[in-house]
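Chemist: Next comes the structure file final_15.json, holding JSON, C-alpha atoms and all ligand atoms.
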```json
[["chain", "number", "residue", "atom", "x", "y", "z"],
["Q", 86, "MET", "CA", 126.88, 7.32, -59.89],
["Q", 87, "GLU", "CA", 128.08, 8.26, -56.41],
["Q", 88, "GLU", "CA", 131.18, 6.44, -55.17],
["Q", 89, "ALA", "CA", 130.85, 4.01, -52.24],
["Q", 90, "LEU", "CA", 133.28, 2.12, -50.00],
["Q", 91, "TRP", "CA", 133.21, -1.16, -48.11],
["Q", 92, "VAL", "CA", 133.59, -0.22, -44.47],
["Q", 93, "GLY", "CA", 133.47, -1.92, -41.09],
["Q", 94, "GLY", "CA", 132.46, 1.18, -39.16],
["Q", 95, "TRP", "CA", 133.69, 4.47, -37.72],
["Q", 96, "LYS", "CA", 134.36, 6.23, -34.44],
["Q", 97, "ASP", "CA", 133.38, 9.89, -34.10],
["Q", 98, "VAL", "CA", 136.16, 10.81, -31.68],
["Q", 99, "SER", "CA", 139.32, 8.73, -31.27],
["Q", 100, "LEU", "CA", 142.32, 9.66, -29.14],
["Q", 101, "VAL", "CA", 144.60, 6.81, -30.23],
["Q", 102, "ASP", "CA", 144.77, 6.69, -34.03],
["Q", 103, "VAL", "CA", 146.86, 9.77, -34.83],
["Q", 104, "LEU", "CA", 149.75, 10.41, -32.47],
["Q", 105, "GLU", "CA", 149.01, 13.34, -30.08],
["Q", 106, "SER", "CA", 145.83, 14.25, -32.00],
["Q", 107, "ILE", "CA", 142.09, 13.65, -32.01],
["Q", 108, "SER", "CA", 140.52, 12.04, -35.06],
["Q", 109, "PHE", "CA", 137.33, 10.84, -36.63],
["Q", 110, "THR", "CA", 138.38, 7.30, -37.60],
["Q", 111, "LEU", "CA", 136.92, 5.18, -40.40],
["Q", 112, "TRP", "CA", 137.73, 1.47, -40.77],
["Q", 113, "THR", "CA", 137.62, 0.09, -44.32],
["Q", 114, "SER", "CA", 137.08, -3.61, -45.06],
["Q", 115, "PHE", "CA", 139.43, -6.08, -46.81],
["Q", 116, "CYS", "CA", 143.22, -6.40, -46.75],
["Q", 117, "ASN", "CA", 145.82, -7.84, -49.10],
["Q", 118, "LEU", "CA", 147.96, -9.14, -46.19],
["Q", 119, "LYS", "CA", 147.06, -11.86, -43.71],
["Q", 120, "CYS", "CA", 149.05, -10.92, -40.61],
["Q", 121, "PRO", "CA", 148.46, -13.86, -38.25],
["Q", 122, "TRP", "CA", 148.30, -11.46, -35.27],
["Q", 123, "CYS", "CA", 145.95, -8.88, -36.88],
["Q", 124, "ALA", "CA", 143.73, -7.09, -34.33],
["Q", 125, "ASN", "CA", 141.06, -6.49, -37.00],
["Q", 126, "SER", "CA", 141.09, -9.91, -38.64],
["Q", 127, "ARG", "CA", 137.33, -10.10, -39.33],
["Q", 128, "LEU", "CA", 137.45, -6.71, -41.01],
["Q", 129, "ALA", "CA", 140.61, -7.61, -42.95],
["Q", 130, "ARG", "CA", 138.98, -10.78, -44.25],
["Q", 131, "GLY", "CA", 135.86, -8.88, -45.29],
["Q", 132, "GLN", "CA", 133.65, -10.64, -42.75],
["Q", 133, "GLU", "CA", 132.62, -7.24, -41.39],
["Q", 134, "ARG", "CA", 131.57, -5.02, -44.25],
["Q", 135, "ARG", "CA", 128.84, -2.83, -45.60],
["Q", 136, "LEU", "CA", 128.83, -0.65, -48.66],
["Q", 137, "VAL", "CA", 128.48, 2.99, -47.65],
["Q", 138, "ARG", "CA", 128.08, 5.99, -49.94],
["Q", 139, "VAL", "CA", 130.72, 8.73, -49.70],
["Q", 140, "SER", "CA", 128.02, 11.31, -48.83],
["Q", 141, "GLU", "CA", 126.88, 9.23, -45.84],
["Q", 142, "VAL", "CA", 130.39, 9.17, -44.37],
["Q", 143, "VAL", "CA", 130.85, 12.88, -45.07],
["Q", 144, "SER", "CA", 127.65, 13.70, -43.13],
["Q", 145, "GLU", "CA", 128.95, 11.76, -40.15],
["Q", 146, "VAL", "CA", 132.34, 13.51, -40.32],
["Q", 147, "GLU", "CA", 130.63, 16.91, -40.55],
["Q", 148, "ARG", "CA", 128.82, 16.25, -37.28],
["Q", 149, "ALA", "CA", 132.08, 15.33, -35.50],
["Q", 150, "ALA", "CA", 134.27, 17.96, -37.19],
["Q", 151, "PRO", "CA", 134.08, 20.60, -34.40],
["Q", 152, "PHE", "CA", 135.61, 18.10, -31.97],
["Q", 153, "VAL", "CA", 138.42, 16.53, -34.01],
["Q", 154, "GLU", "CA", 141.59, 17.57, -35.86],
["Q", 155, "TYR", "CA", 141.97, 14.75, -38.40],
["Q", 156, "PHE", "CA", 139.82, 12.55, -40.62],
["Q", 157, "HIS", "CA", 141.71, 9.25, -40.29],
["Q", 158, "VAL", "CA", 141.16, 6.17, -42.47],
["Q", 159, "THR", "CA", 142.48, 2.78, -41.44],
["Q", 160, "GLY", "CA", 141.53, -0.83, -42.10],
["Q", 161, "GLY", "CA", 141.93, -3.43, -43.38],
["Q", 162, "GLU", "CA", 143.94, -1.79, -46.13],
["Q", 163, "PRO", "CA", 142.27, 1.45, -47.28],
["Q", 164, "THR", "CA", 144.32, 1.79, -50.48],
["Q", 165, "LEU", "CA", 142.62, -1.29, -51.97],
["Q", 166, "GLN", "CA", 139.66, 1.08, -52.53],
["Q", 167, "TYR", "CA", 141.76, 4.05, -53.59],
["Q", 168, "LYS", "CA", 139.31, 5.56, -56.08],
["Q", 169, "PRO", "CA", 136.32, 5.97, -53.71],
["Q", 170, "LEU", "CA", 138.78, 6.78, -50.91],
["Q", 171, "THR", "CA", 140.18, 9.69, -52.94],
["Q", 172, "ALA", "CA", 136.65, 10.94, -53.60],
["Q", 173, "LEU", "CA", 135.90, 10.68, -49.88],
["Q", 174, "TYR", "CA", 139.06, 12.55, -48.86],
["Q", 175, "LYS", "CA", 138.26, 15.34, -51.33],
["Q", 176, "ALA", "CA", 134.69, 15.66, -50.09],
["Q", 177, "VAL", "CA", 135.73, 15.70, -46.42],
["Q", 178, "ARG", "CA", 138.38, 18.34, -47.12],
["Q", 179, "GLU", "CA", 135.87, 20.50, -49.02],
["Q", 180, "ARG", "CA", 133.06, 20.18, -46.46],
["Q", 181, "THR", "CA", 135.01, 20.27, -43.18],
["Q", 182, "GLY", "CA", 138.56, 21.55, -43.82],
["Q", 183, "LEU", "CA", 139.86, 18.82, -41.51],
["Q", 184, "MET", "CA", 143.40, 17.50, -41.92],
["Q", 185, "LEU", "CA", 143.50, 14.09, -43.61],
["Q", 186, "SER", "CA", 145.21, 10.95, -42.37],
["Q", 187, "LEU", "CA", 145.81, 7.45, -43.74],
["Q", 188, "ASP", "CA", 147.01, 4.22, -42.13],
["Q", 189, "THR", "CA", 148.43, 1.83, -44.73],
["Q", 190, "ASN", "CA", 150.69, -1.20, -45.12],
["Q", 191, "ALA", "CA", 152.27, 0.64, -48.12],
["Q", 192, "THR", "CA", 152.12, -2.44, -50.38],
["Q", 193, "VAL", "CA", 150.19, -0.64, -53.15],
["Q", 194, "PRO", "CA", 152.49, 2.27, -54.18],
["Q", 195, "ARG", "CA", 150.37, 2.91, -57.29],
["Q", 196, "ALA", "CA", 147.37, 3.67, -55.10],
["Q", 197, "LEU", "CA", 149.46, 5.96, -52.86],
["Q", 198, "GLU", "CA", 150.65, 7.84, -55.96],
["Q", 199, "HIS", "CA", 147.07, 8.25, -57.10],
["Q", 200, "ILE", "CA", 145.76, 9.50, -53.74],
["Q", 201, "LEU", "CA", 148.63, 11.95, -53.14],
["Q", 202, "GLY", "CA", 148.38, 13.18, -56.72],
["Q", 203, "GLU", "CA", 144.76, 14.17, -56.14],
["Q", 204, "VAL", "CA", 144.62, 15.43, -52.56],
["Q", 205, "ARG", "CA", 146.96, 16.60, -49.80],
["Q", 206, "VAL", "CA", 147.10, 14.02, -46.99],
["Q", 207, "GLU", "CA", 148.83, 15.58, -43.99],
["Q", 208, "HIS", "CA", 149.48, 12.43, -41.93],
["Q", 209, "VAL", "CA", 150.32, 8.94, -43.14],
["Q", 210, "ALA", "CA", 151.06, 6.02, -40.82],
["Q", 211, "VAL", "CA", 152.79, 2.99, -42.33],
["Q", 212, "ASP", "CA", 152.84, -0.35, -40.55],
["Q", 213, "LEU", "CA", 156.24, -1.93, -41.17],
["Q", 214, "LYS", "CA", 155.75, -5.59, -40.32],
["Q", 215, "ALA", "CA", 159.42, -6.66, -40.14],
["Q", 216, "PRO", "CA", 162.85, -5.60, -41.50],
["Q", 217, "LEU", "CA", 162.74, -4.94, -45.24],
["Q", 218, "SER", "CA", 166.19, -6.57, -45.39],
["Q", 219, "ASP", "CA", 164.56, -9.88, -44.38],
["Q", 220, "PRO", "CA", 161.89, -10.74, -46.99],
["Q", 221, "GLU", "CA", 161.22, -14.16, -45.48],
["Q", 222, "LYS", "CA", 160.44, -12.68, -42.08],
["Q", 223, "TYR", "CA", 158.37, -9.91, -43.68],
["Q", 224, "ALA", "CA", 156.29, -12.57, -45.41],
["Q", 225, "ALA", "CA", 155.89, -14.57, -42.18],
["Q", 226, "ALA", "CA", 154.81, -11.50, -40.18],
["Q", 227, "SER", "CA", 152.32, -10.67, -42.97],
["Q", 228, "GLY", "CA", 150.92, -14.22, -43.18],
["Q", 229, "LEU", "CA", 152.21, -14.72, -46.73],
["Q", 230, "SER", "CA", 154.33, -17.48, -48.27],
["Q", 231, "ALA", "CA", 158.10, -16.96, -48.30],
["Q", 232, "ALA", "CA", 157.96, -17.06, -52.13],
["Q", 233, "VAL", "CA", 156.32, -13.61, -52.29],
["Q", 234, "GLY", "CA", 158.54, -12.00, -49.61],
["Q", 235, "GLU", "CA", 160.92, -10.33, -52.08],
["Q", 236, "ARG", "CA", 158.03, -8.83, -54.03],
["Q", 237, "VAL", "CA", 156.29, -7.52, -50.91],
["Q", 238, "VAL", "CA", 159.37, -5.80, -49.48],
["Q", 239, "LYS", "CA", 160.04, -4.17, -52.86],
["Q", 240, "MET", "CA", 156.50, -2.79, -52.92],
["Q", 241, "VAL", "CA", 156.76, -1.46, -49.35],
["Q", 242, "ALA", "CA", 160.13, 0.18, -50.09],
["Q", 243, "ARG", "CA", 158.58, 1.80, -53.17],
["Q", 244, "GLY", "CA", 155.58, 2.87, -51.09],
["Q", 245, "LEU", "CA", 157.91, 4.59, -48.61],
["Q", 246, "GLU", "CA", 159.66, 6.37, -51.48],
["Q", 247, "VAL", "CA", 156.31, 7.66, -52.74],
["Q", 248, "LEU", "CA", 155.45, 9.00, -49.29],
["Q", 249, "SER", "CA", 158.82, 10.45, -48.30],
["Q", 250, "GLY", "CA", 158.87, 14.20, -48.57],
["Q", 251, "ARG", "CA", 155.22, 14.33, -49.72],
["Q", 252, "VAL", "CA", 153.42, 14.19, -46.37],
["Q", 253, "GLU", "CA", 153.93, 16.62, -43.53],
["Q", 254, "PHE", "CA", 153.80, 13.96, -40.84],
["Q", 255, "LEU", "CA", 155.05, 10.43, -41.59],
["Q", 256, "GLU", "CA", 154.59, 7.91, -38.80],
["Q", 257, "LEU", "CA", 156.16, 4.45, -39.15],
["Q", 258, "ARG", "CA", 155.06, 1.73, -36.77],
["Q", 259, "THR", "CA", 156.15, -1.81, -35.94],
["Q", 260, "THR", "CA", 154.32, -4.19, -33.60],
["Q", 261, "LEU", "CA", 156.74, -6.27, -31.55],
["Q", 262, "VAL", "CA", 154.86, -9.57, -31.90],
["Q", 263, "PRO", "CA", 156.17, -12.28, -29.51],
["Q", 264, "GLY", "CA", 157.64, -15.24, -31.39],
["Q", 265, "LEU", "CA", 157.70, -13.34, -34.70],
["Q", 266, "LEU", "CA", 159.95, -10.35, -34.05],
["Q", 267, "SER", "CA", 162.85, -9.73, -31.67],
["Q", 268, "VAL", "CA", 164.38, -6.49, -30.37],
["Q", 269, "GLU", "CA", 167.18, -7.02, -32.94],
["Q", 270, "ASP", "CA", 164.54, -7.09, -35.70],
["Q", 271, "ILE", "CA", 163.22, -3.72, -34.47],
["Q", 272, "LEU", "CA", 166.75, -2.32, -34.78],
["Q", 273, "ARG", "CA", 166.89, -3.52, -38.37],
["Q", 274, "VAL", "CA", 163.52, -1.84, -39.05],
["Q", 275, "ALA", "CA", 164.97, 1.35, -37.56],
["Q", 276, "GLU", "CA", 167.75, 1.10, -40.16],
["Q", 277, "ASP", "CA", 165.05, 0.87, -42.87],
["Q", 278, "VAL", "CA", 163.38, 3.97, -41.43],
["Q", 279, "ALA", "CA", 166.67, 5.87, -41.67],
["Q", 280, "ARG", "CA", 167.22, 4.61, -45.22],
["Q", 281, "PHE", "CA", 163.82, 4.94, -46.87],
["Q", 282, "ALA", "CA", 161.86, 7.62, -45.05],
["Q", 283, "ARG", "CA", 163.41, 10.99, -45.73],
["Q", 284, "GLY", "CA", 162.42, 14.56, -46.20],
["Q", 285, "SER", "CA", 159.11, 14.63, -44.35],
["Q", 286, "GLY", "CA", 158.36, 17.56, -42.03],
["Q", 287, "ARG", "CA", 157.89, 15.29, -39.04],
["Q", 288, "LEU", "CA", 159.19, 11.71, -39.04],
["Q", 289, "VAL", "CA", 158.22, 9.40, -36.18],
["Q", 290, "TYR", "CA", 158.98, 5.74, -35.47],
["Q", 291, "VAL", "CA", 156.69, 3.95, -33.00],
["Q", 292, "VAL", "CA", 157.33, 0.52, -31.49],
["Q", 293, "GLN", "CA", 154.01, -1.01, -30.53],
["Q", 294, "GLN", "CA", 153.04, -3.69, -28.03],
["Q", 295, "PHE", "CA", 151.20, -6.76, -29.32],
["Q", 296, "ILE", "CA", 147.93, -7.05, -27.38],
["Q", 297, "PRO", "CA", 145.70, -10.15, -27.79],
["Q", 298, "TYR", "CA", 142.54, -8.15, -28.49],
["Q", 299, "GLU", "CA", 139.27, -9.92, -29.22],
["Q", 300, "GLY", "CA", 139.69, -9.29, -32.97],
["Q", 301, "VAL", "CA", 142.96, -11.27, -33.10],
["Q", 302, "PRO", "CA", 142.64, -14.69, -34.86],
["Q", 303, "PRO", "CA", 142.10, -17.63, -32.43],
["Q", 304, "GLU", "CA", 145.67, -18.93, -32.79],
["Q", 305, "TYR", "CA", 147.07, -15.66, -31.40],
["Q", 306, "ARG", "CA", 144.46, -15.01, -28.71],
["Q", 307, "SER", "CA", 146.38, -17.06, -26.15],
["Q", 308, "VAL", "CA", 149.68, -15.31, -26.89],
["Q", 309, "LYS", "CA", 150.56, -12.95, -24.03],
["Q", 310, "ALA", "CA", 150.94, -9.20, -24.63],
["Q", 311, "THR", "CA", 154.54, -8.13, -25.28],
["Q", 312, "PRO", "CA", 156.03, -7.09, -21.90],
["Q", 313, "GLU", "CA", 156.07, -3.31, -21.67],
["Q", 314, "SER", "CA", 159.73, -3.34, -20.56],
["Q", 315, "LEU", "CA", 160.70, -5.10, -23.82],
["Q", 316, "VAL", "CA", 158.74, -2.62, -25.96],
["Q", 317, "ALA", "CA", 160.42, 0.30, -24.15],
["Q", 318, "GLU", "CA", 163.86, -1.30, -24.51],
["Q", 319, "ALA", "CA", 163.31, -1.84, -28.26],
["Q", 320, "ALA", "CA", 162.26, 1.81, -28.67],
["Q", 321, "ARG", "CA", 165.27, 3.12, -26.72],
["Q", 322, "ARG", "CA", 167.68, 1.01, -28.79],
["Q", 323, "ALA", "CA", 165.91, 2.01, -32.04],
["Q", 324, "ALA", "CA", 166.47, 5.64, -31.02],
["Q", 325, "GLU", "CA", 170.22, 4.94, -30.79],
["Q", 326, "VAL", "CA", 170.14, 3.51, -34.34],
["Q", 327, "LEU", "CA", 168.21, 6.49, -35.64],
["Q", 328, "GLY", "CA", 170.47, 8.98, -33.85],
["Q", 329, "GLY", "CA", 168.06, 11.92, -34.04],
["Q", 330, "ALA", "CA", 166.87, 11.23, -37.62],
["Q", 331, "ALA", "CA", 163.33, 10.60, -36.27],
["Q", 332, "GLU", "CA", 161.33, 10.98, -33.09],
["Q", 333, "VAL", "CA", 161.02, 7.57, -31.42],
["Q", 334, "TRP", "CA", 158.01, 6.52, -29.33],
["Q", 335, "TYR", "CA", 156.55, 3.34, -27.90],
["Q", 336, "ARG", "CA", 152.90, 2.50, -27.37],
["Q", 337, "THR", "CA", 151.51, 0.10, -24.75],
["Q", 338, "LEU", "CA", 148.22, -0.53, -23.02],
["Q", 339, "GLU", "CA", 149.83, 0.30, -19.66],
["Q", 340, "SER", "CA", 151.37, 3.67, -20.60],
["Q", 341, "GLY", "CA", 149.70, 4.83, -23.81],
["Q", 342, "SER", "CA", 152.13, 6.59, -26.17],
["Q", 343, "ARG", "CA", 155.52, 7.62, -24.73],
["Q", 344, "ARG", "CA", 158.36, 9.43, -26.45],
["Q", 345, "VAL", "CA", 161.88, 8.18, -25.79],
["Q", 346, "ALA", "CA", 163.84, 10.42, -28.19],
["M", 401, "LIG", "S1", 147.45, -6.09, -39.43],
["M", 401, "LIG", "FE1", 146.88, -4.58, -40.99],
["M", 401, "LIG", "S2", 148.00, -5.23, -42.81],
["M", 401, "LIG", "FE2", 147.95, -7.00, -41.44],
["M", 401, "LIG", "S3", 146.13, -8.18, -42.03],
["M", 401, "LIG", "FE3", 145.52, -6.79, -40.38],
["M", 401, "LIG", "S4", 144.72, -5.00, -41.43],
["M", 401, "LIG", "FE4", 145.94, -6.14, -42.94]]
```
Just give me the structure as structure tokens.
Ligand code: SF4
Modeler:
Amino acid sequence: MEEALWVGGWKDVSLVDVLESISFTLWTSFCNLKCPWCANSRLARGQERRLVRVSEVVSEVERAAPFVEYFHVTGGEPTLQYKPLTALYKAVRERTGLMLSLDTNATVPRALEHILGEVRVEHVAVDLKAPLSDPEKYAAASGLSAAVGERVVKMVARGLEVLSGRVEFLELRTTLVPGLLSVEDILRVAEDVARFARGSGRLVYVVQQFIPYEGVPPEYRSVKATPESLVAEAARRAAEVLGGAAEVWYRTLESGSRRVA
């Protein structure tokens, strides 16, 4: 029987999902984290979902292929459906030759192993929610109880190990969420980047602005966007920590994506 995935939808041409590139972007449903500030909370909770056959998605990607560089899959957490996702990646590669891209929270290293063992994924973006050296904060930023913090940071560290050196372009991202993370926390995440993410062709760390989009849960909708000046400051100081080990960028609504180092 043909494989199928739970998806929220797709966008034929996206300029914002893969740094400096154009992608066809697919959003998968469901997530294993519960980030209280999630911009796709309905999708993450499975409230937006339909089961779509791999061949249906491939037909859509084929139509868009002349206009894009990457087939990008985000969520939710795409690796929760790693078997149909692998089938989809293989089919897209075979039918379009597009480069493949994945956005993941890296908490399911087994799934990452499986995907990368079956197909070459050129670009992987990992959302690092908080410093890995602070399991309690990682759990809080992910909407989980402090009791599982240690386990989650271990899984993410393992996920980064699986990815390091196996993808051509590894992009690590942290959203500077007001009240949850400080600039000092970003510096500690930069230390994690230096420690865990090695050996990839292109390594990038992006500090992102929190924006109270419509998809954010009600309790975070009234939280103001992170000031752009703070996001830029965090990125500049992260660049000092990384000392040339990675490109450093920041991303805001006001300025789009800007490189600082
Ligand atoms: S922000 Fe990402 S990892 Fe967190 S709940 Fe939303 S989809 Fe899941």
Chemist: Would you mind listing, for every residue of chain Q within 12 Å of ligand LIG 401 (chain M), the two atoms forming the shortest contact and the distance between them in Å to one decimal, using only C-alpha atoms and all ligand atoms, sorted by chain and ascending residue number, as JSON lines?
Modeler:
```
{"residue": "Q:Gly93", "atom": "CA", "partner": "M:LIG401", "partner_atom": "S4", "distance": 11.7}
{"residue": "Q:Trp112", "atom": "CA", "partner": "M:LIG401", "partner_atom": "S4", "distance": 9.5}
{"residue": "Q:Thr113", "atom": "CA", "partner": "M:LIG401", "partner_atom": "S4", "distance": 9.2}
{"residue": "Q:Ser114", "atom": "CA", "partner": "M:LIG401", "partner_atom": "S4", "distance": 8.6}
{"residue": "Q:Phe115", "atom": "CA", "partner": "M:LIG401", "partner_atom": "FE4", "distance": 7.6}
{"residue": "Q:Cys116", "atom": "CA", "partner": "M:LIG401", "partner_atom": "FE4", "distance": 4.7}
{"residue": "Q:Asn117", "atom": "CA", "partner": "M:LIG401", "partner_atom": "FE4", "distance": 6.4}
{"residue": "Q:Leu118", "atom": "CA", "partner": "M:LIG401", "partner_atom": "S3", "distance": 4.6}
{"residue": "Q:Lys119", "atom": "CA", "partner": "M:LIG401", "partner_atom": "S3", "distance": 4.2}
{"residue": "Q:Cys120", "atom": "CA", "partner": "M:LIG401", "partner_atom": "FE2", "distance": 4.2}
{"residue": "Q:Pro121", "atom": "CA", "partner": "M:LIG401", "partner_atom": "S3", "distance": 7.2}
{"residue": "Q:Trp122", "atom": "CA", "partner": "M:LIG401", "partner_atom": "S1", "distance": 6.8}
{"residue": "Q:Cys123", "atom": "CA", "partner": "M:LIG401", "partner_atom": "S1", "distance": 4.1}
{"residue": "Q:Ala124", "atom": "CA", "partner": "M:LIG401", "partner_atom": "FE3", "distance": 6.3}
{"residue": "Q:Asn125", "atom": "CA", "partner": "M:LIG401", "partner_atom": "FE3", "distance": 5.6}
{"residue": "Q:Ser126", "atom": "CA", "partner": "M:LIG401", "partner_atom": "FE3", "distance": 5.7}
{"residue": "Q:Arg127", "atom": "CA", "partner": "M:LIG401", "partner_atom": "FE3", "distance": 8.9}
{"residue": "Q:Leu128", "atom": "CA", "partner": "M:LIG401", "partner_atom": "S4", "distance": 7.5}
{"residue": "Q:Ala129", "atom": "CA", "partner": "M:LIG401", "partner_atom": "S4", "distance": 5.1}
{"residue": "Q:Arg130", "atom": "CA", "partner": "M:LIG401", "partner_atom": "S3", "distance": 7.9}
{"residue": "Q:Gly131", "atom": "CA", "partner": "M:LIG401", "partner_atom": "S4", "distance": 10.4}
{"residue": "Q:Val158", "atom": "CA", "partner": "M:LIG401", "partner_atom": "S4", "distance": 11.8}
{"residue": "Q:Thr159", "atom": "CA", "partner": "M:LIG401", "partner_atom": "S4", "distance": 8.1}
{"residue": "Q:Gly160", "atom": "CA", "partner": "M:LIG401", "partner_atom": "S4", "distance": 5.3}
{"residue": "Q:Gly161", "atom": "CA", "partner": "M:LIG401", "partner_atom": "S4", "distance": 3.7}
{"residue": "Q:Glu162", "atom": "CA", "partner": "M:LIG401", "partner_atom": "S4", "distance": 5.7}
{"residue": "Q:Pro163", "atom": "CA", "partner": "M:LIG401", "partner_atom": "S4", "distance": 9.0}
{"residue": "Q:Thr164", "atom": "CA", "partner": "M:LIG401", "partner_atom": "S2", "distance": 11.0}
{"residue": "Q:Leu165", "atom": "CA", "partner": "M:LIG401", "partner_atom": "FE4", "distance": 10.8}
{"residue": "Q:Asp188", "atom": "CA", "partner": "M:LIG401", "partner_atom": "FE1", "distance": 8.9}
{"residue": "Q:Thr189", "atom": "CA", "partner": "M:LIG401", "partner_atom": "S2", "distance": 7.3}
{"residue": "Q:Asn190", "atom": "CA", "partner": "M:LIG401", "partner_atom": "S2", "distance": 5.4}
{"residue": "Q:Ala191", "atom": "CA", "partner": "M:LIG401", "partner_atom": "S2", "distance": 9.0}
{"residue": "Q:Thr192", "atom": "CA", "partner": "M:LIG401", "partner_atom": "S2", "distance": 9.1}
{"residue": "Q:Val193", "atom": "CA", "partner": "M:LIG401", "partner_atom": "S2", "distance": 11.5}
{"residue": "Q:Ala210", "atom": "CA", "partner": "M:LIG401", "partner_atom": "FE1", "distance": 11.4}
{"residue": "Q:Val211", "atom": "CA", "partner": "M:LIG401", "partner_atom": "S2", "distance": 9.5}
{"residue": "Q:Asp212", "atom": "CA", "partner": "M:LIG401", "partner_atom": "S2", "distance": 7.2}
{"residue": "Q:Leu213", "atom": "CA", "partner": "M:LIG401", "partner_atom": "S2", "distance": 9.0}
{"residue": "Q:Lys214", "atom": "CA", "partner": "M:LIG401", "partner_atom": "FE2", "distance": 8.0}
{"residue": "Q:Ala215", "atom": "CA", "partner": "M:LIG401", "partner_atom": "FE2", "distance": 11.5}
{"residue": "Q:Tyr223", "atom": "CA", "partner": "M:LIG401", "partner_atom": "FE2", "distance": 11.0}
{"residue": "Q:Ala224", "atom": "CA", "partner": "M:LIG401", "partner_atom": "FE2", "distance": 10.8}
{"residue": "Q:Ala225", "atom": "CA", "partner": "M:LIG401", "partner_atom": "FE2", "distance": 11.0}
{"residue": "Q:Ala226", "atom": "CA", "partner": "M:LIG401", "partner_atom": "FE2", "distance": 8.3}
{"residue": "Q:Ser227", "atom": "CA", "partner": "M:LIG401", "partner_atom": "FE2", "distance": 5.9}
{"residue": "Q:Gly228", "atom": "CA", "partner": "M:LIG401", "partner_atom": "S3", "distance": 7.8}
{"residue": "Q:Leu229", "atom": "CA", "partner": "M:LIG401", "partner_atom": "S3", "distance": 10.1}
{"residue": "Q:Val237", "atom": "CA", "partner": "M:LIG401", "partner_atom": "S2", "distance": 11.8}
{"residue": "Q:Val241", "atom": "CA", "partner": "M:LIG401", "partner_atom": "S2", "distance": 11.6}
{"residue": "Q:Arg258", "atom": "CA", "partner": "M:LIG401", "partner_atom": "FE1", "distance": 11.2}
{"residue": "Q:Thr259", "atom": "CA", "partner": "M:LIG401", "partner_atom": "S1", "distance": 10.3}
{"residue": "Q:Thr260", "atom": "CA", "partner": "M:LIG401", "partner_atom": "S1", "distance": 9.2}
{"residue": "Q:Val262", "atom": "CA", "partner": "M:LIG401", "partner_atom": "S1", "distance": 11.1}
{"residue": "Q:Phe295", "atom": "CA", "partner": "M:LIG401", "partner_atom": "S1", "distance": 10.8}
{"residue": "Q:Gly300", "atom": "CA", "partner": "M:LIG401", "partner_atom": "FE3", "distance": 9.8}
{"residue": "Q:Val301", "atom": "CA", "partner": "M:LIG401", "partner_atom": "FE3", "distance": 8.9}
{"residue": "Q:Pro302", "atom": "CA", "partner": "M:LIG401", "partner_atom": "FE3", "distance": 10.1}
```
Chemist: I want to know what sits within 12 Å of Asp277 in chain Q, based on only C-alpha atoms, with residues of the same chain fewer than 2 positions away left out; could you give that as a VMD selection string?
Modeler: chain Q and resid 213 to 219 238 241 to 242 245 to 246 257 to 259 270 to 275 279 to 283 290 323 326 to 327 330 to 331
Chemist: Output C-alpha atoms of each residue in that selection to a file, as a CSV table (one decimal), keeping the file's coordinate frame.
Modeler:
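The resulting file, out_19.csv, is shown below:
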```
chain,number,residue,atom,x,y,z
Q,213,LEU,CA,156.2,-1.9,-41.2
Q,214,LYS,CA,155.8,-5.6,-40.3
Q,215,ALA,CA,159.4,-6.7,-40.1
Q,216,PRO,CA,162.8,-5.6,-41.5
Q,217,LEU,CA,162.7,-4.9,-45.2
Q,218,SER,CA,166.2,-6.6,-45.4
Q,219,ASP,CA,164.6,-9.9,-44.4
Q,238,VAL,CA,159.4,-5.8,-49.5
Q,241,VAL,CA,156.8,-1.5,-49.4
Q,242,ALA,CA,160.1,0.2,-50.1
Q,245,LEU,CA,157.9,4.6,-48.6
Q,246,GLU,CA,159.7,6.4,-51.5
Q,257,LEU,CA,156.2,4.4,-39.2
Q,258,ARG,CA,155.1,1.7,-36.8
Q,259,THR,CA,156.2,-1.8,-35.9
Q,270,ASP,CA,164.5,-7.1,-35.7
Q,271,ILE,CA,163.2,-3.7,-34.5
Q,272,LEU,CA,166.8,-2.3,-34.8
Q,273,ARG,CA,166.9,-3.5,-38.4
Q,274,VAL,CA,163.5,-1.8,-39.0
Q,275,ALA,CA,165.0,1.4,-37.6
Q,279,ALA,CA,166.7,5.9,-41.7
Q,280,ARG,CA,167.2,4.6,-45.2
Q,281,PHE,CA,163.8,4.9,-46.9
Q,282,ALA,CA,161.9,7.6,-45.0
Q,283,ARG,CA,163.4,11.0,-45.7
Q,290,TYR,CA,159.0,5.7,-35.5
Q,323,ALA,CA,165.9,2.0,-32.0
Q,326,VAL,CA,170.1,3.5,-34.3
Q,327,LEU,CA,168.2,6.5,-35.6
Q,330,ALA,CA,166.9,11.2,-37.6
Q,331,ALA,CA,163.3,10.6,-36.3
```
Chemist: Can you measure CA of Ser314 in chain Q to CA of Val345 in chain Q for me? One decimal in Å is fine.
Modeler: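 Computed distance, CA of Ser314 in chain Q to CA of Val345 in chain Q, equals 12.8 Å.
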Chemist: From the set Q:Leu185, Q:Leu111, Q:Leu248, Q:Ala172, which residue has the shortest atom-to-atom contact distance to Leu197 in chain Q, counting all atoms listed in the file?
Modeler: Q:Leu248
Chemist: Can you measure CA of Pro312 in chain Q to CA of Trp334 in chain Q for me? One decimal in Å is fine.
Modeler: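 It comes out at 15.6 Å.
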Chemist: Pick from Q:Ala176, Q:Leu288, Q:Leu104, Q:Ala232: nearest to Arg251 in chain Q, with only C-alpha atoms counted?
Modeler: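 Closest candidate: Q:Leu288.
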